[in-house]
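**Student:** mmCIF, C-alpha atoms and all ligand atoms, saved as input21.cif, coming up:
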```cif
data_model
loop_
_atom_site.label_atom_id
_atom_site.label_comp_id
_atom_site.auth_asym_id
_atom_site.auth_seq_id
_atom_site.Cartn_x
_atom_site.Cartn_y
_atom_site.Cartn_z
CA MET A 18 117.32 122.40 95.69
CA GLU A 19 117.89 119.00 97.30
CA GLN A 20 121.50 117.88 97.77
CA ILE A 21 121.56 114.10 97.59
CA LEU A 22 124.17 111.63 98.82
CA VAL A 23 124.19 108.02 97.59
CA THR A 24 126.37 105.49 99.46
CA GLY A 25 127.42 102.20 97.84
CA ALA A 26 126.77 103.96 94.52
CA LEU A 27 129.05 101.75 92.42
CA GLY A 28 127.03 98.60 93.15
CA GLN A 29 124.32 96.90 91.11
CA ILE A 30 121.47 99.12 92.31
CA GLY A 31 123.53 102.28 92.83
CA SER A 32 124.63 102.35 89.18
CA ASP A 33 121.00 102.71 88.10
CA LEU A 34 119.75 104.78 91.02
CA VAL A 35 122.41 107.48 90.58
CA ASP A 36 121.48 107.83 86.88
CA ALA A 37 117.78 108.15 87.75
CA LEU A 38 118.38 110.65 90.56
CA ARG A 39 120.65 112.73 88.33
CA GLN A 40 117.98 112.86 85.65
CA LYS A 41 115.55 114.16 88.26
CA TYR A 42 117.80 116.51 90.28
CA GLY A 43 120.82 117.18 88.01
CA THR A 44 124.33 115.69 88.26
CA ALA A 45 125.65 118.54 90.40
CA ASN A 46 123.05 117.81 93.07
CA VAL A 47 123.59 114.05 93.38
CA LEU A 48 126.87 113.03 95.02
CA SER A 49 127.87 109.47 94.31
CA THR A 50 130.09 107.74 96.92
CA ASP A 51 131.58 104.31 97.47
CA ILE A 52 134.59 102.70 99.15
CA ARG A 53 136.39 102.42 95.79
CA ASN A 54 137.63 105.24 93.58
CA ASN A 55 135.81 106.33 90.43
CA LEU A 56 137.66 108.89 88.38
CA ASP A 57 135.05 108.88 85.58
CA ASP A 58 132.33 110.49 87.72
CA PRO A 59 132.27 114.32 87.88
CA ASN A 60 130.43 114.34 91.22
CA TYR A 61 132.03 111.54 93.22
CA ALA A 62 133.65 111.21 96.65
CA MET A 63 135.32 108.19 98.20
CA LEU A 64 133.50 107.27 101.42
CA ASP A 65 133.97 104.25 103.63
CA ILE A 66 130.75 104.27 105.64
CA LEU A 67 132.59 102.77 108.63
CA ASN A 68 134.49 106.05 108.95
CA LYS A 69 131.93 108.18 110.83
CA GLN A 70 134.09 111.30 110.87
CA ARG A 71 134.51 111.17 107.09
CA PHE A 72 130.76 110.48 106.73
CA ARG A 73 130.04 113.65 108.74
CA GLU A 74 132.53 115.70 106.69
CA VAL A 75 131.10 114.56 103.34
CA MET A 76 127.54 115.27 104.48
CA GLY A 77 128.52 118.68 105.87
CA ASP A 78 130.80 119.77 103.01
CA HIS A 79 128.12 119.00 100.42
CA LYS A 80 125.23 120.39 102.51
CA ILE A 81 123.39 117.11 102.06
CA THR A 82 119.59 117.13 102.52
CA GLN A 83 118.75 113.52 101.51
CA VAL A 84 120.68 110.26 101.79
CA TYR A 85 120.12 107.06 99.81
CA HIS A 86 122.09 104.54 101.81
CA LEU A 87 122.84 101.51 99.63
CA ALA A 88 126.26 100.38 100.90
CA ALA A 89 126.06 96.90 102.39
CA ILE A 90 127.51 93.41 102.25
CA LEU A 91 124.97 91.08 100.65
CA SER A 92 123.46 87.78 101.82
CA ALA A 93 125.91 85.20 100.47
CA ASN A 94 129.10 87.26 100.97
CA GLY A 95 127.90 88.20 104.44
CA GLU A 96 128.27 84.64 105.65
CA TRP A 97 132.04 84.67 105.03
CA ASN A 98 132.64 87.38 107.64
CA PRO A 99 129.64 87.84 109.95
CA ALA A 100 131.27 90.39 112.29
CA LYS A 101 132.33 92.64 109.39
CA THR A 102 128.88 92.28 107.80
CA TRP A 103 127.22 93.40 111.05
CA ASN A 104 129.61 96.34 111.24
CA VAL A 105 129.02 97.51 107.65
CA ASN A 106 125.29 96.75 107.48
CA PHE A 107 124.21 97.73 110.98
CA ASN A 108 126.77 99.84 112.86
CA ALA A 109 127.36 102.16 109.89
CA PHE A 110 123.59 102.56 109.48
CA LEU A 111 123.29 103.52 113.15
CA SER A 112 126.03 106.14 112.58
CA LEU A 113 124.04 107.46 109.62
CA LEU A 114 120.89 107.74 111.75
CA GLU A 115 122.82 109.65 114.41
CA LEU A 116 124.42 111.96 111.83
CA SER A 117 121.10 112.51 110.03
CA ASN A 118 119.44 113.51 113.26
CA GLU A 119 122.35 115.74 114.31
CA MET A 120 122.50 117.42 110.88
CA SER A 121 118.70 117.70 110.39
CA ILE A 122 118.71 115.65 107.17
CA ASP A 123 115.28 115.86 105.45
CA LYS A 124 114.94 112.24 104.29
CA VAL A 125 116.90 108.99 104.46
CA PHE A 126 116.29 105.91 102.30
CA PHE A 127 117.79 102.49 102.97
CA PRO A 128 116.87 99.18 101.35
CA ALA A 129 115.86 96.21 103.42
CA THR A 130 115.28 92.88 101.72
CA ILE A 131 113.32 89.63 101.51
CA ALA A 132 116.26 88.23 103.52
CA VAL A 133 114.55 89.61 106.65
CA HIS A 134 112.38 86.50 106.34
CA GLY A 135 113.35 83.24 107.98
CA PRO A 136 112.21 79.64 108.23
CA THR A 137 109.26 80.53 110.48
CA THR A 138 107.95 83.27 108.16
CA PRO A 139 104.90 82.23 106.09
CA LYS A 140 106.29 81.29 102.67
CA THR A 141 103.54 82.45 100.35
CA ASN A 142 101.92 85.84 100.15
CA THR A 143 104.10 86.85 103.11
CA PRO A 144 102.32 89.60 105.04
CA GLN A 145 103.84 92.95 105.98
CA TYR A 146 103.62 92.18 109.69
CA THR A 147 104.83 88.67 110.39
CA ASP A 148 107.50 86.65 112.13
CA LEU A 149 110.95 87.92 111.09
CA SER A 150 113.59 85.52 112.42
CA PRO A 151 116.23 85.43 109.67
CA GLU A 152 119.14 83.00 109.92
CA THR A 153 121.77 84.93 107.90
CA VAL A 154 123.82 87.76 109.37
CA TYR A 155 122.63 89.85 106.40
CA GLY A 156 118.99 89.25 107.34
CA ILE A 157 119.66 89.85 111.03
CA SER A 158 121.43 93.14 110.27
CA LYS A 159 118.64 94.36 107.97
CA VAL A 160 115.83 93.52 110.46
CA SER A 161 117.80 95.44 113.07
CA CYS A 162 118.14 98.41 110.70
CA GLU A 163 114.39 98.33 110.10
CA LEU A 164 113.66 98.48 113.84
CA TRP A 165 116.14 101.30 114.43
CA ALA A 166 114.73 103.25 111.47
CA ASN A 167 111.28 102.98 113.02
CA TYR A 168 112.71 103.99 116.40
CA TYR A 169 114.39 107.11 114.99
CA HIS A 170 111.20 108.06 113.19
CA LYS A 171 109.02 107.64 116.27
CA ARG A 172 111.46 109.12 118.79
CA TYR A 173 113.17 111.91 116.83
CA GLY A 174 110.84 112.44 113.86
CA LEU A 175 113.60 111.51 111.40
CA ASP A 176 112.02 110.82 108.00
CA VAL A 177 113.52 107.41 107.24
CA ARG A 178 111.89 105.35 104.47
CA SER A 179 112.59 101.83 103.31
CA LEU A 180 111.61 99.03 100.94
CA ARG A 181 112.20 95.31 101.27
CA TYR A 182 113.62 94.75 97.78
CA PRO A 183 113.09 91.32 96.24
CA GLY A 184 115.97 89.89 94.11
CA VAL A 185 116.75 92.75 91.71
CA ILE A 186 117.58 91.98 88.07
CA GLY A 187 119.36 94.59 85.97
CA TRP A 188 121.76 94.77 83.05
CA LYS A 189 124.12 97.68 83.84
CA ALA A 190 126.18 95.96 86.55
CA LEU A 191 126.68 92.34 87.50
CA PRO A 192 125.51 91.56 91.02
CA HIS A 193 127.92 89.87 93.40
CA GLY A 194 127.53 88.17 96.72
CA GLY A 195 123.74 87.78 96.69
CA THR A 196 121.53 84.69 96.65
CA THR A 197 119.56 85.80 93.59
CA ASP A 198 122.63 86.61 91.43
CA TYR A 199 121.84 83.60 89.20
CA ALA A 200 118.92 85.51 87.67
CA VAL A 201 121.36 88.02 86.09
CA GLU A 202 124.26 85.62 85.38
CA ILE A 203 121.90 83.35 83.39
CA PHE A 204 121.35 86.08 80.75
CA HIS A 205 125.07 86.67 80.27
CA ALA A 206 125.70 82.93 79.79
CA ALA A 207 122.75 82.52 77.40
CA LEU A 208 123.81 85.41 75.15
CA LYS A 209 127.46 84.30 75.09
CA GLY A 210 126.31 80.84 73.97
CA GLU A 211 127.63 79.28 77.19
CA HIS A 212 126.11 76.52 79.29
CA TYR A 213 124.96 77.80 82.70
CA THR A 214 125.28 75.88 85.97
CA CYS A 215 122.81 77.34 88.43
CA PHE A 216 123.76 77.44 92.13
CA LEU A 217 120.11 77.10 93.23
CA ASP A 218 117.82 74.09 92.68
CA ALA A 219 115.55 74.23 89.62
CA ASP A 220 112.35 74.66 91.67
CA THR A 221 113.51 77.37 94.13
CA ARG A 222 110.79 80.01 93.86
CA LEU A 223 111.80 83.52 94.97
CA PRO A 224 110.32 87.03 94.65
CA MET A 225 112.11 89.07 91.95
CA MET A 226 111.90 92.51 90.32
CA TYR A 227 113.28 94.24 87.24
CA ILE A 228 115.67 97.08 88.12
CA ASP A 229 113.50 99.80 86.52
CA ASP A 230 110.64 98.87 88.84
CA ALA A 231 112.96 98.84 91.87
CA ILE A 232 114.37 102.29 91.04
CA ARG A 233 110.92 103.74 90.32
CA ALA A 234 109.57 102.29 93.60
CA THR A 235 112.46 103.92 95.49
CA ILE A 236 111.87 107.36 93.98
CA GLU A 237 108.08 107.13 94.32
CA LEU A 238 108.40 106.16 97.99
CA MET A 239 110.76 109.09 98.61
CA ASP A 240 108.36 111.47 96.81
CA ALA A 241 105.26 110.30 98.71
CA PRO A 242 103.78 112.68 101.29
CA ALA A 243 105.10 111.69 104.73
CA ASP A 244 101.64 111.53 106.27
CA GLN A 245 100.58 108.80 103.81
CA LEU A 246 103.28 106.39 104.97
CA THR A 247 102.06 103.94 107.59
CA VAL A 248 105.14 101.68 107.58
CA ARG A 249 108.36 103.07 109.07
CA THR A 250 110.23 99.79 109.38
CA SER A 251 110.28 98.77 105.68
CA TYR A 252 107.55 98.21 103.10
CA ASN A 253 107.00 94.79 101.52
CA LEU A 254 107.47 95.23 97.76
CA ALA A 255 106.69 92.77 94.98
CA ALA A 256 106.45 92.30 91.24
CA MET A 257 106.81 88.60 90.29
CA SER A 258 108.06 85.27 91.60
CA PHE A 259 109.76 82.54 89.54
CA THR A 260 112.07 79.54 89.77
CA PRO A 261 115.38 79.00 87.92
CA ALA A 262 113.64 76.43 85.70
CA GLU A 263 110.91 78.92 84.78
CA ILE A 264 113.28 81.73 83.80
CA ALA A 265 115.49 79.26 81.90
CA ALA A 266 112.44 78.10 79.92
CA LYS A 267 111.57 81.71 79.03
CA ILE A 268 115.14 82.29 77.81
CA GLN A 269 115.04 79.04 75.81
CA GLU A 270 111.85 80.25 74.07
CA ARG A 271 113.98 83.14 72.73
CA LEU A 272 117.42 81.42 72.54
CA PRO A 273 116.65 77.74 71.85
CA ASN A 274 120.30 76.60 72.11
CA PHE A 275 120.62 77.71 75.73
CA THR A 276 121.33 74.88 78.19
CA ILE A 277 121.32 74.82 81.99
CA ASP A 278 121.97 72.37 84.83
CA TYR A 279 121.64 72.73 88.58
CA GLN A 280 124.34 72.23 91.23
CA ALA A 281 123.08 73.78 94.44
CA ASP A 282 125.72 75.24 96.78
CA PHE A 283 125.47 76.92 100.22
CA ARG A 284 123.19 79.61 98.75
CA GLN A 285 120.40 77.04 98.38
CA ALA A 286 120.14 76.79 102.19
CA ILE A 287 119.81 80.59 102.38
CA ALA A 288 117.15 80.72 99.64
CA ALA A 289 115.22 77.89 101.30
CA THR A 290 114.47 80.12 104.32
CA TRP A 291 113.09 83.01 102.26
CA SER A 292 109.53 83.66 101.09
CA GLU A 293 108.23 82.56 97.71
CA SER A 294 105.81 85.45 97.24
CA ILE A 295 105.06 88.71 98.99
CA ASP A 296 101.90 90.60 99.95
CA ASP A 297 102.77 94.23 99.18
CA SER A 298 99.23 95.59 99.48
CA LEU A 299 100.25 98.31 101.96
CA ALA A 300 102.75 99.77 99.46
CA ARG A 301 100.01 99.67 96.81
CA LYS A 302 97.53 101.36 99.14
CA ASP A 303 99.76 103.94 100.87
CA TRP A 304 101.73 105.33 97.92
CA ASN A 305 100.10 103.69 94.88
CA TRP A 306 102.87 101.21 94.11
CA ALA A 307 102.27 99.29 90.86
CA HIS A 308 104.90 97.12 89.18
CA GLN A 309 105.29 97.21 85.39
CA TYR A 310 107.49 94.18 84.61
CA ASN A 311 106.44 90.53 84.68
CA LEU A 312 108.66 87.56 83.75
CA ASP A 313 108.03 87.83 80.00
CA ASN A 314 108.84 91.51 79.59
CA LEU A 315 111.72 91.20 82.05
CA VAL A 316 113.34 88.52 79.84
CA ASP A 317 112.73 90.55 76.66
CA GLU A 318 114.14 93.70 78.23
CA MET A 319 117.25 92.03 79.70
CA LEU A 320 118.19 90.38 76.38
CA HIS A 321 117.53 93.62 74.49
CA GLN A 322 119.49 95.91 76.85
CA LEU A 323 122.49 93.58 77.26
CA VAL A 324 122.91 93.37 73.47
CA THR A 325 122.00 96.97 72.55
CA ASN A 326 124.37 98.40 75.14
CA LYS A 327 127.10 95.92 74.12
CA ILE A 328 127.40 94.62 77.69
CA VAL A 329 127.46 91.10 76.23
CA THR A 330 128.31 90.13 72.66
CA HIS A 331 125.55 87.82 71.41
CA VAL A 332 127.11 84.87 69.59
N1 LIG B 401 120.61 93.52 94.52
C1 LIG B 401 119.56 92.97 95.13
O1 LIG B 401 118.95 92.05 94.60
C2 LIG B 401 119.12 93.48 96.47
C3 LIG B 401 118.00 92.91 97.07
C4 LIG B 401 117.59 93.37 98.31
C5 LIG B 401 118.25 94.43 98.91
N2 LIG B 401 119.34 94.97 98.31
C6 LIG B 401 120.04 96.06 99.01
O2 LIG B 401 120.32 97.10 98.11
C7 LIG B 401 121.56 97.72 98.45
C8 LIG B 401 122.45 97.75 97.23
O3 LIG B 401 122.61 96.42 96.76
P1 LIG B 401 123.49 96.08 95.48
O4 LIG B 401 122.94 94.86 94.88
O5 LIG B 401 123.68 97.28 94.67
O6 LIG B 401 124.85 95.65 96.20
P2 LIG B 401 126.32 95.66 95.62
O7 LIG B 401 127.11 94.66 96.40
O8 LIG B 401 126.30 95.55 94.13
O9 LIG B 401 126.80 97.13 96.00
C9 LIG B 401 127.10 97.49 97.31
C10 LIG B 401 128.12 98.60 97.27
O10 LIG B 401 128.47 98.92 98.62
C11 LIG B 401 129.85 99.23 98.62
N3 LIG B 401 130.42 99.08 99.97
C12 LIG B 401 130.66 97.95 100.65
N4 LIG B 401 131.23 98.24 101.83
C13 LIG B 401 131.33 99.59 101.90
C14 LIG B 401 131.83 100.49 102.86
N5 LIG B 401 132.37 100.07 104.01
N6 LIG B 401 131.75 101.81 102.59
C15 LIG B 401 131.22 102.26 101.42
N7 LIG B 401 130.74 101.45 100.47
C16 LIG B 401 130.80 100.12 100.71
C17 LIG B 401 130.48 98.25 97.63
O11 LIG B 401 131.74 98.73 97.16
C18 LIG B 401 129.41 98.18 96.55
O12 LIG B 401 129.69 99.05 95.47
C19 LIG B 401 122.13 96.94 99.63
O13 LIG B 401 121.84 97.62 100.82
C20 LIG B 401 121.39 95.64 99.58
O14 LIG B 401 121.25 95.08 100.85
C21 LIG B 401 119.80 94.52 97.11
#
```
When written as structure tokens, how does the structure in this file appear?

**Tutor:**
Amino acid sequence: MEQILVTGALGQIGSDLVDALRQKYGTANVLSTDIRNNLDDPNYAMLDILNKQRFREVMGDHKITQVYHLAAILSANGEWNPAKTWNVNFNAFLSLLELSNEMSIDKVFFPATIAVHGPTTPKTNTPQYTDLSPETVYGISKVSCELWANYYHKRYGLDVRSLRYPGVIGWKALPHGGTTDYAVEIFHAALKGEHYTCFLDADTRLPMMYIDDAIRATIELMDAPADQLTVRTSYNLAAMSFTPAEIAAKIQERLPNFTIDYQADFRQAIAATWSESIDDSLARKDWNWAHQYNLDNLVDEMLHQLVTNKIVTHV
């Protein structure tokens, strides 16, 4: 039986990924970890990924065979402390690669991001292989992780797999510190009957994905036969692209009283360097990736789940 370790498990994606992995492998076989404490979780350990000795102990004590490495500082927050962001996002990942090799870990997953793109990357239908010159420390750290993942695979045969997630939209946990956070916050405001001020311009088009698709993509990639995978940096991955004005209009079709205005802050400059749409044909070809959610069913699902699960009280 696999013994799985998830880092950064209390974050937006970790909250959903741990549930999905536990459904597949059983709670006892999926160890959730994060830098904060979580007394509610029966299979949880506190782990600061910067503490390599502790990382080794946790992996050894739990006889870990697979690692899903989510812990990171995201794009917008990363700009407040670039050196710390590099340390958490890159140096800790390098430690994980070293430990995984040393401890003969079967498979490692880490998410890269559309933030690996920069101002010189083609903006539409961005190819898998293209110029990656990001201008945020987050993007720089993730491109570096991609290259080191590829290096460890080629040099040591370590089975590292990765996806470049678009902006991920889910209902279980609020995102924080990312450039696409508006696309979750907007639902909370709309259901509470509040006006929403968006921190990106109305026409800022970005690639996005519903959380269920992102989680399914992660598990399908990890389940794919190794010899089918031709990309060992990180796969482009896509579902839909939209602007703040377009998602606001879809919400207004369902909640006509919802109002929005736009006051761009520093995150607009970050978003302006990213792609608008992604060519993920290699993911579709190599391991049969197919998204299920478009903008309409994403909006329906978000409103439904936030209300049904009482995350937000609909006024
Ligand atoms: N959410 C998105 O839209 C998105 C898009 C692209 C890529 N990603 C990637 O997915 C991963 C998860 O993203 P998320 O949205 O869940 O982020 P998040 O900020 O919600 O969660 C990150 C988690 O990492 C933990 N963490 C931070 N520093 C740590 C440390 N030193 N040791 C241990 N844990 C630490 C935090 O406590 C947090 O719970 C990240 O690697 C991120 O780069 C996310």

**Student:** Please identify the residues whose atoms come within 6 Å of ligand LIG 401 (chain B), using only C-alpha atoms and all ligand atoms, and report them as a list in words.

**Tutor:**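 What falls inside 6 Å of ligand LIG 401 (chain B) is Gly25, Ala26, Leu27, Gly28, Gln29, Ile30, Gly31, Asp51, Ile52, Leu64, Asp65, Ile66, Leu67, Leu87, Ala88, Ala89, Ile90, Leu91, Val105, Pro128, Ala129, Thr130, Tyr182, Pro183, Gly184, Val185, Pro192 and His193 of chain A.
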
**Student:** Generate a file of the selected residues that holds C-alpha atoms, formatted as an mmCIF file, in the coordinates of the input.

**Tutor:**
```
data_model
loop_
_atom_site.group_PDB
_atom_site.id
_atom_site.type_symbol
_atom_site.label_atom_id
_atom_site.label_comp_id
_atom_site.auth_asym_id
_atom_site.auth_seq_id
_atom_site.Cartn_x
_atom_site.Cartn_y
_atom_site.Cartn_z
ATOM 1 C CA GLY A 25 127.420 102.200 97.840
ATOM 2 C CA ALA A 26 126.770 103.960 94.520
ATOM 3 C CA LEU A 27 129.050 101.750 92.420
ATOM 4 C CA GLY A 28 127.030 98.600 93.150
ATOM 5 C CA GLN A 29 124.320 96.900 91.110
ATOM 6 C CA ILE A 30 121.470 99.120 92.310
ATOM 7 C CA GLY A 31 123.530 102.280 92.830
ATOM 8 C CA ASP A 51 131.580 104.310 97.470
ATOM 9 C CA ILE A 52 134.590 102.700 99.150
ATOM 10 C CA LEU A 64 133.500 107.270 101.420
ATOM 11 C CA ASP A 65 133.970 104.250 103.630
ATOM 12 C CA ILE A 66 130.750 104.270 105.640
ATOM 13 C CA LEU A 67 132.590 102.770 108.630
ATOM 14 C CA LEU A 87 122.840 101.510 99.630
ATOM 15 C CA ALA A 88 126.260 100.380 100.900
ATOM 16 C CA ALA A 89 126.060 96.900 102.390
ATOM 17 C CA ILE A 90 127.510 93.410 102.250
ATOM 18 C CA LEU A 91 124.970 91.080 100.650
ATOM 19 C CA VAL A 105 129.020 97.510 107.650
ATOM 20 C CA PRO A 128 116.870 99.180 101.350
ATOM 21 C CA ALA A 129 115.860 96.210 103.420
ATOM 22 C CA THR A 130 115.280 92.880 101.720
ATOM 23 C CA TYR A 182 113.620 94.750 97.780
ATOM 24 C CA PRO A 183 113.090 91.320 96.240
ATOM 25 C CA GLY A 184 115.970 89.890 94.110
ATOM 26 C CA VAL A 185 116.750 92.750 91.710
ATOM 27 C CA PRO A 192 125.510 91.560 91.020
ATOM 28 C CA HIS A 193 127.920 89.870 93.400
#
```

**Student:** Considering all atoms listed in the file, state which residue in the set A:Glu119, A:Asp198, A:Asp230, A:Asp36 is at the smallest distance from A:Arg284.

**Tutor:**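 Between A:Glu119, A:Asp198, A:Asp230, A:Asp36, the residue approaching A:Arg284 most closely is A:Asp198.
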
**Student:** Rank nothing, just name the residue among A:His205, A:Ala241, A:Val84, A:Thr214 nearest to A:Val329, using all atoms listed in the file.

**Tutor:**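 Counting all atoms listed in the file, the residue closest to A:Val329 is A:His205.
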
**Student:** Quick one: everything within 7 Å of A:His86, counting only C-alpha atoms, minus sequence neighbours fewer than 3 positions away in the same chain. Send it as a CSV table (one decimal) with C-alpha atoms, keeping the file's coordinate frame.

**Tutor:**
```
chain,number,residue,atom,x,y,z
A,23,VAL,CA,124.2,108.0,97.6
A,24,THR,CA,126.4,105.5,99.5
A,126,PHE,CA,116.3,105.9,102.3
A,127,PHE,CA,117.8,102.5,103.0
```

**Student:** Tell me which of A:Ile21, A:Met239, A:Val154, A:Leu223 sits closest to A:Asn98, counting all atoms listed in the file.

**Tutor:**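 Of A:Ile21, A:Met239, A:Val154, A:Leu223, the one nearest A:Asn98, counting all atoms listed in the file, is A:Val154.
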
**Student:** From the list A:Asn108, A:Ser179, A:Ser292, A:Asn305, which residue is nearest A:Asp148 when using only C-alpha atoms?

**Tutor:**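 So, comparing all the options, the nearest one is A:Ser292.
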
**Student:** Which of these residues is nearest to A:Pro136, using all atoms listed in the file: A:Ala243, A:Leu149, A:Ala266, A:Leu299?

**Tutor:** A:Leu149

**Student:** Using all atoms listed in the file, which residue out of A:Ala288, A:Ala265, A:Leu246, A:Ile122 lies closest to A:Gly156?

**Tutor:**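 The closest residue to A:Gly156 is A:Ala288.
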
**Student:** Which residues come within 12 Å of A:Glu115, counting all atoms listed in the file, excluding same-chain residues fewer than 2 positions away, as a compact mmCIF listing (two decimals) with C-alpha atoms, in the frame of the given file?

**Tutor:**
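Now in around.txt:
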```
# COMPACT_ATOMS: atom_id res chain seq x y z
CA LYS A 69 131.93 108.18 110.83
CA GLN A 70 134.09 111.30 110.87
CA PHE A 72 130.76 110.48 106.73
CA ARG A 73 130.04 113.65 108.74
CA ASN A 108 126.77 99.84 112.86
CA ALA A 109 127.36 102.16 109.89
CA PHE A 110 123.59 102.56 109.48
CA LEU A 111 123.29 103.52 113.15
CA SER A 112 126.03 106.14 112.58
CA LEU A 113 124.04 107.46 109.62
CA SER A 117 121.10 112.51 110.03
CA ASN A 118 119.44 113.51 113.26
CA GLU A 119 122.35 115.74 114.31
CA MET A 120 122.50 117.42 110.88
CA SER A 121 118.70 117.70 110.39
CA ILE A 122 118.71 115.65 107.17
CA VAL A 125 116.90 108.99 104.46
CA TRP A 165 116.14 101.30 114.43
CA ALA A 166 114.73 103.25 111.47
CA TYR A 168 112.71 103.99 116.40
CA TYR A 169 114.39 107.11 114.99
CA HIS A 170 111.20 108.06 113.19
CA TYR A 173 113.17 111.91 116.83
CA LEU A 175 113.60 111.51 111.40
CA VAL A 177 113.52 107.41 107.24
```

**Student:** Can you work out the spacing between atom CA of A:Phe107 and atom CA of A:Cys162 in Å, to one decimal?

**Tutor:**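 A separation of 6.1 Å between them.
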
**Student:** Please identify all polymer residues lying at most 8 Å from the point (120.6, 99.0, 87.2) (file coordinates), using only C-alpha atoms, and present the result as a PyMOL selection string.

**Tutor:** chain A and resi 29-34+186-190+228-229

**Student:** Compile the contact shell of A:Ser298 as an NGL selection string: residues with an atom at most 12 Å away, counting all atoms listed in the file, same-chain residues fewer than 3 positions apart removed.

**Tutor:** :A and (142-146 or 247-248 or 252-256 or 295 or 301-308)

**Student:** Those selected residues, please, written with C-alpha atoms and delivered as an mmCIF file, in the coordinates of the input.

**Tutor:**
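Output (part-v7.cif):
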```cif
data_model
loop_
_atom_site.group_PDB
_atom_site.id
_atom_site.type_symbol
_atom_site.label_atom_id
_atom_site.label_comp_id
_atom_site.auth_asym_id
_atom_site.auth_seq_id
_atom_site.Cartn_x
_atom_site.Cartn_y
_atom_site.Cartn_z
ATOM 1 C CA ASN A 142 101.920 85.840 100.150
ATOM 2 C CA THR A 143 104.100 86.850 103.110
ATOM 3 C CA PRO A 144 102.320 89.600 105.040
ATOM 4 C CA GLN A 145 103.840 92.950 105.980
ATOM 5 C CA TYR A 146 103.620 92.180 109.690
ATOM 6 C CA THR A 247 102.060 103.940 107.590
ATOM 7 C CA VAL A 248 105.140 101.680 107.580
ATOM 8 C CA TYR A 252 107.550 98.210 103.100
ATOM 9 C CA ASN A 253 107.000 94.790 101.520
ATOM 10 C CA LEU A 254 107.470 95.230 97.760
ATOM 11 C CA ALA A 255 106.690 92.770 94.980
ATOM 12 C CA ALA A 256 106.450 92.300 91.240
ATOM 13 C CA ILE A 295 105.060 88.710 98.990
ATOM 14 C CA ARG A 301 100.010 99.670 96.810
ATOM 15 C CA LYS A 302 97.530 101.360 99.140
ATOM 16 C CA ASP A 303 99.760 103.940 100.870
ATOM 17 C CA TRP A 304 101.730 105.330 97.920
ATOM 18 C CA ASN A 305 100.100 103.690 94.880
ATOM 19 C CA TRP A 306 102.870 101.210 94.110
ATOM 20 C CA ALA A 307 102.270 99.290 90.860
ATOM 21 C CA HIS A 308 104.900 97.120 89.180
#
```

**Student:** Take stretch 199-210 of chain A, bring it up to N, CA and C atoms, and give me the output as an mmCIF file, in the frame of the given file.

**Tutor:**
```
data_model
loop_
_atom_site.group_PDB
_atom_site.id
_atom_site.type_symbol
_atom_site.label_atom_id
_atom_site.label_comp_id
_atom_site.auth_asym_id
_atom_site.auth_seq_id
_atom_site.Cartn_x
_atom_site.Cartn_y
_atom_site.Cartn_z
ATOM 1 N N TYR A 199 121.997 84.498 90.351
ATOM 2 C CA TYR A 199 121.840 83.600 89.200
ATOM 3 C C TYR A 199 120.932 84.217 88.127
ATOM 4 N N ALA A 200 119.940 85.008 88.589
ATOM 5 C CA ALA A 200 118.920 85.510 87.670
ATOM 6 C C ALA A 200 119.458 86.615 86.756
ATOM 7 N N VAL A 201 120.671 87.114 87.032
ATOM 8 C CA VAL A 201 121.360 88.020 86.090
ATOM 9 C C VAL A 201 122.404 87.224 85.314
ATOM 10 N N GLU A 202 123.174 86.399 86.037
ATOM 11 C CA GLU A 202 124.260 85.620 85.380
ATOM 12 C C GLU A 202 123.706 84.781 84.223
ATOM 13 N N ILE A 203 122.501 84.256 84.387
ATOM 14 C CA ILE A 203 121.900 83.350 83.390
ATOM 15 C C ILE A 203 121.773 84.046 82.022
ATOM 16 N N PHE A 204 121.486 85.347 82.018
ATOM 17 C CA PHE A 204 121.350 86.080 80.750
ATOM 18 C C PHE A 204 122.703 86.230 80.054
ATOM 19 N N HIS A 205 123.730 86.511 80.850
ATOM 20 C CA HIS A 205 125.070 86.670 80.270
ATOM 21 C C HIS A 205 125.509 85.359 79.621
ATOM 22 N N ALA A 206 125.305 84.239 80.333
ATOM 23 C CA ALA A 206 125.700 82.930 79.790
ATOM 24 C C ALA A 206 124.916 82.637 78.504
ATOM 25 N N ALA A 207 123.598 82.866 78.554
ATOM 26 C CA ALA A 207 122.750 82.520 77.400
ATOM 27 C C ALA A 207 123.173 83.297 76.157
ATOM 28 N N LEU A 208 123.435 84.596 76.316
ATOM 29 C CA LEU A 208 123.810 85.410 75.150
ATOM 30 C C LEU A 208 125.197 85.049 74.622
ATOM 31 N N LYS A 209 126.109 84.661 75.523
ATOM 32 C CA LYS A 209 127.460 84.300 75.090
ATOM 33 C C LYS A 209 127.497 82.895 74.480
ATOM 34 N N GLY A 210 126.352 82.202 74.505
ATOM 35 C CA GLY A 210 126.310 80.840 73.970
ATOM 36 C C GLY A 210 126.937 79.830 74.910
#
```
